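Novice: Let me begin by handing over the structure; questions about it come next.
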Amino acid sequence: MRSVRMAYVVPPVLAVVLAFLGCVQLSQTGVVGVSTVVTAAVGSGSTSNEMIAGSLERVAQEHRATIVRTVADRSAPTSRRTALVTGAPGTRGAEWLQDGYDEFDPSITTTVRPMSALDRYDPAGAYEVVGDEQAGRATADALVAAGFETTSERVPLATRLGVTAGTEGTGGLIGALVLGCVVLCLVGTVGAPRRTVVRRLHGRSTWAVVLTEVAEVRTTLVVTALLAPVVALGLWAHNGLATWTTFAVAAAVCCSPLLVPVVACHALGTVIASRRPIALAVRGDRPSAALVLGAQAARLPAVVVLVAAVFDLTSAAAVARSASAAQDLRAAGDTVQLWVTPDPRPGSDTQPYWDRIGGVAGAALDQHRALLSAATEVSTGVGRGTVPALFVDPGYLRRQDLRTAAGDRITGTGDRITVWTPSGSDIDRAALVRALTEWELRGATGTEKREVGGGELAPRRIYTYPCDASTASWLTDVVVVVVPAPSRVFTADQLGAWLSTGDVVFTSERAADRAIDAAGLRDEFSAVVPVGQAAAEHQRRATTGVAIGVLAVVSSAVVAVVLAGLAVVAHQRRNGRSVFADVAAGRSFVHTHRLLLTVEGVLLTIATVLILDTWSQRRPDGTGAASVLDPAAQAAGPAAVGAALVVLLVSVVSVVVTTRSSRSVVRLRGTGS
């Protein structure tokens, strides 16, 4: 099979993978076909849920649209949900109410209920509109008339099909395979000019030769025809062909841009090959020095992509292993976090603004409507050493079971600040307490700083109420700092920052709403998110990231090996005479292949520098650039070792190819002699 033909095989296969990943993520985040998302927040007025549902039904009938309000199941937010839909005749909502909603991802169960059931749920939230732009505006107007404050977002077509989600996080995978296709096209044209020149001998013009060569795109059509029944059978086994039309369109949309660089490089390589002297090309001219150099140079970006892919895979695996959705849901309970409305906002860059946000957090902590769970990296007080620490209050200790090394439960009663260090650690407690009181606890009174209590913790994992994937859900070997009165010890600015990052956790959604209403800052918070649901969403994204990382590493390794083989073969074809002469003269393997081995050494050196640089950037080093709380940062060491082993494996394969090709060259040249 021609190398060019192989290049045309990759785009449809890669497009199927990207479409599948995109449709899975699209299924996990909402319903398929949404054109507009209208988010409703509680405003000044109030209307019954029954009237809201009636207004939405009238909008759906008038505009022949479907309006969906998706509500996650608190006990299983990532696998079970309820879709409240309008049932206007002839719309998708009517079909879903009659036949049910088939999820592309079978791990998710969606129960479809009429919009009239809205009276059992919170009406505030996102409403997804399947319809034209006028239907989206009418939906927003209906919710405004019901007393809500709304924001509308038009969903781009690529996002609607899952193309955007499919390409998110897969840049390494796409880059590696496109690079491989480009090199295959150049090697199959510039590196083999005889095919092109023979056509020129038959009187064809360069333009005609290019058109004939580019007709190789039929390979993509053949592969698509062969792939279609196989993919259809796989989808039928996976989800019963649910939303297969969206998947097919997404695959077609992904395949088109992937074909562009292949066709462009194929045409360019054909033009270059057509410019070669006819006599030399017909005789089988050796590959040019530029082609050999280009084949070797293409290995460098392949190695860069491979190293990045290994680091990304290791990081995703570390995040996925750091917790489980079931554990997080049990530990989180009914707690929620607030999302501060993103910038730009009037006055959001001023100190009084953040003091008001901090006032909400402080009042909620004093009224026991919230608890403190702030995971951060603190100084050990010795040199640049750091250690993970969790600042908590008595509200946290009432929900999480923390025990001393002696087995007694830590309750946080009393007025003393206590610092608890991991059992058996070599932390200098006096230096640690001194560092804490000089910085993190600088707002405490002099007496509180002098009378810091505490002791050693029993070895167990500690839950952090994580706000994002950069903080592990569960920590071991962590310092726990119990602050009985956070609103007095920490400034309003610090509490406001912790509220915005999810480190001030409200005990329930009802408690959060009361705190917001009491402060009169409803516009400053965009969402109230259950902690367990957010943690489960992070876990699900990490699992998807692992799958993408495996694909990226495998594809990058294959491309790196193929490029190494092509570079070696091109070099041997150009220098076959000198290789035969050196072997016949009895020179060593190293001397005979000194150029190839030099290139291999340079690539290994560059890869080593790249690995060390990536490791130094991602590992926790005490500067705060990479936190010891981040599972991905903790995995920087194993990732560096894995990347080094993979790059070394590629080099070993290259040396093996060099040995085998050298034997072939000697055998052929010897027979000719």
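Identifiers in this document derive from the order of the structure tokens: chains are assigned A, B, ..., residues are numbered from 1 separately in each chain, and ligands are numbered from 1 in order of occurrence.
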DSSP on the backbone, then: every residue of segment 306-540 of chain A marked strand (DSSP E or B), written as an NGL selection string.
Specialist: :A and (336-340 or 370-379 or 386-392 or 403-404 or 409 or 418-422 or 453-457 or 462-463 or 474-475 or 479-482 or 504-506 or 525-530)
Novice: Any idea what's packed within 6 Å of segment 395-407 of chain A, counting only C-alpha atoms, ignoring anything in its chain fewer than 4 positions away? Could you give it as a list in words?
Specialist: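 That gives Leu371, Thr411, Glu456, Leu457 and Ala458 of chain A.
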Novice: Where in segment 123-355 of chain A does DSSP assign helix (DSSP H, G or I), given as a ChimeraX atom specification?
Specialist: /A:133-145,157-161,163-167,171-189,194-201,206-239,244-274,278-283,289-297,299-321,325-332,351-355
Novice: At a cut-off of 12 Å, using only C-alpha atoms, what residues contact segment 144-148 of chain A? Leave out same-chain residues fewer than 5 positions from it and give the result as a list in words.
Specialist: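 Answer for this query is Val38, Thr39, Ala40, Ala41, Val42, Gly43, Ser44, Gly45, Ser46, Thr47, Ser48, Asn49, Glu50, Met51, Ile52, Ala53, Gly54, Ser55, Leu56, Pro123, Ala124, Gly125, Ala126, Arg137, Ala138, Thr139, Arg522 and Asp523 of chain A.
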Novice: Using only C-alpha atoms, pick whichever of A:Leu612, A:Val650, A:Val85, A:Leu521 has the shortest atom-to-atom distance to Ala564 of chain A.
Specialist: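 Distance minimum relative to Ala564 of chain A lands on A:Val650.
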Novice: Separation of atom CA of Thr36 of chain A and atom CA of Asp141 of chain A, in Å?
Specialist: 13.4 Å
Novice: Just want the 9 Å neighbourhood of Pro388 of chain A, counted on only C-alpha atoms, with same-chain residues fewer than 3 positions away dropped. Output as number ranges by chain.
Specialist: A: 375-379, 475, 477-480, 627-629
Novice: Would you mind reading off the distance between atom CA of Ala643 of chain A and atom CA of Val310 of chain A, one decimal, in Å?
Specialist: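 Atom CA of Val310 of chain A lies at a distance of 5.6 Å from atom CA of Ala643 of chain A.
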Novice: Quick one: residues within 10 Å of Leu258 of chain A, only C-alpha atoms counted, chain neighbours fewer than 2 positions away excluded, as a ChimeraX atom specification?
Specialist: /A:8,10-12,14-15,174,177-178,181,253-256,260-263
Novice: What lies within 9 Å of Asn239 of chain A using only C-alpha atoms, ignoring chain neighbours under 4 positions off, as a list in words?
Specialist: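 Counting only the stated atoms, we get Asp102, Glu103, Phe104, Asp105, Pro106, Gly234 and Leu235 of chain A.
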Novice: Could you turn the residues from that selection into a file that holds N, CA and C atoms, as a compact mmCIF listing (two decimals), in the first residue's frame?
Specialist:
```txt
# COMPACT_ATOMS: atom_id res chain seq x y z
N ASP A 102 -33.64 8.71 24.25
CA ASP A 102 -32.55 7.75 24.13
C ASP A 102 -31.22 8.48 24.24
N GLU A 103 -30.45 8.12 25.28
CA GLU A 103 -29.17 8.76 25.51
C GLU A 103 -28.08 8.13 24.65
N PHE A 104 -27.21 8.95 24.10
CA PHE A 104 -26.06 8.42 23.38
C PHE A 104 -25.14 7.66 24.33
N ASP A 105 -24.99 8.19 25.55
CA ASP A 105 -24.20 7.51 26.57
C ASP A 105 -25.14 6.65 27.41
N PRO A 106 -25.08 5.31 27.28
CA PRO A 106 -26.04 4.46 28.00
C PRO A 106 -25.85 4.46 29.51
N GLY A 234 -21.31 -1.20 15.94
CA GLY A 234 -20.81 -0.85 17.27
C GLY A 234 -21.74 0.08 18.01
N LEU A 235 -22.32 1.07 17.31
CA LEU A 235 -23.28 1.96 17.96
C LEU A 235 -24.54 1.23 18.38
```
Novice: Can you tell me, as a VMD selection string, what residues are no more than 10 Å from Ala512 of chain A when counting only C-alpha atoms, ignoring any on the same chain fewer than 2 positions away?
Specialist: chain A and resid 335 to 338 360 to 361 364 369 to 370 505 to 510 514 to 518 528
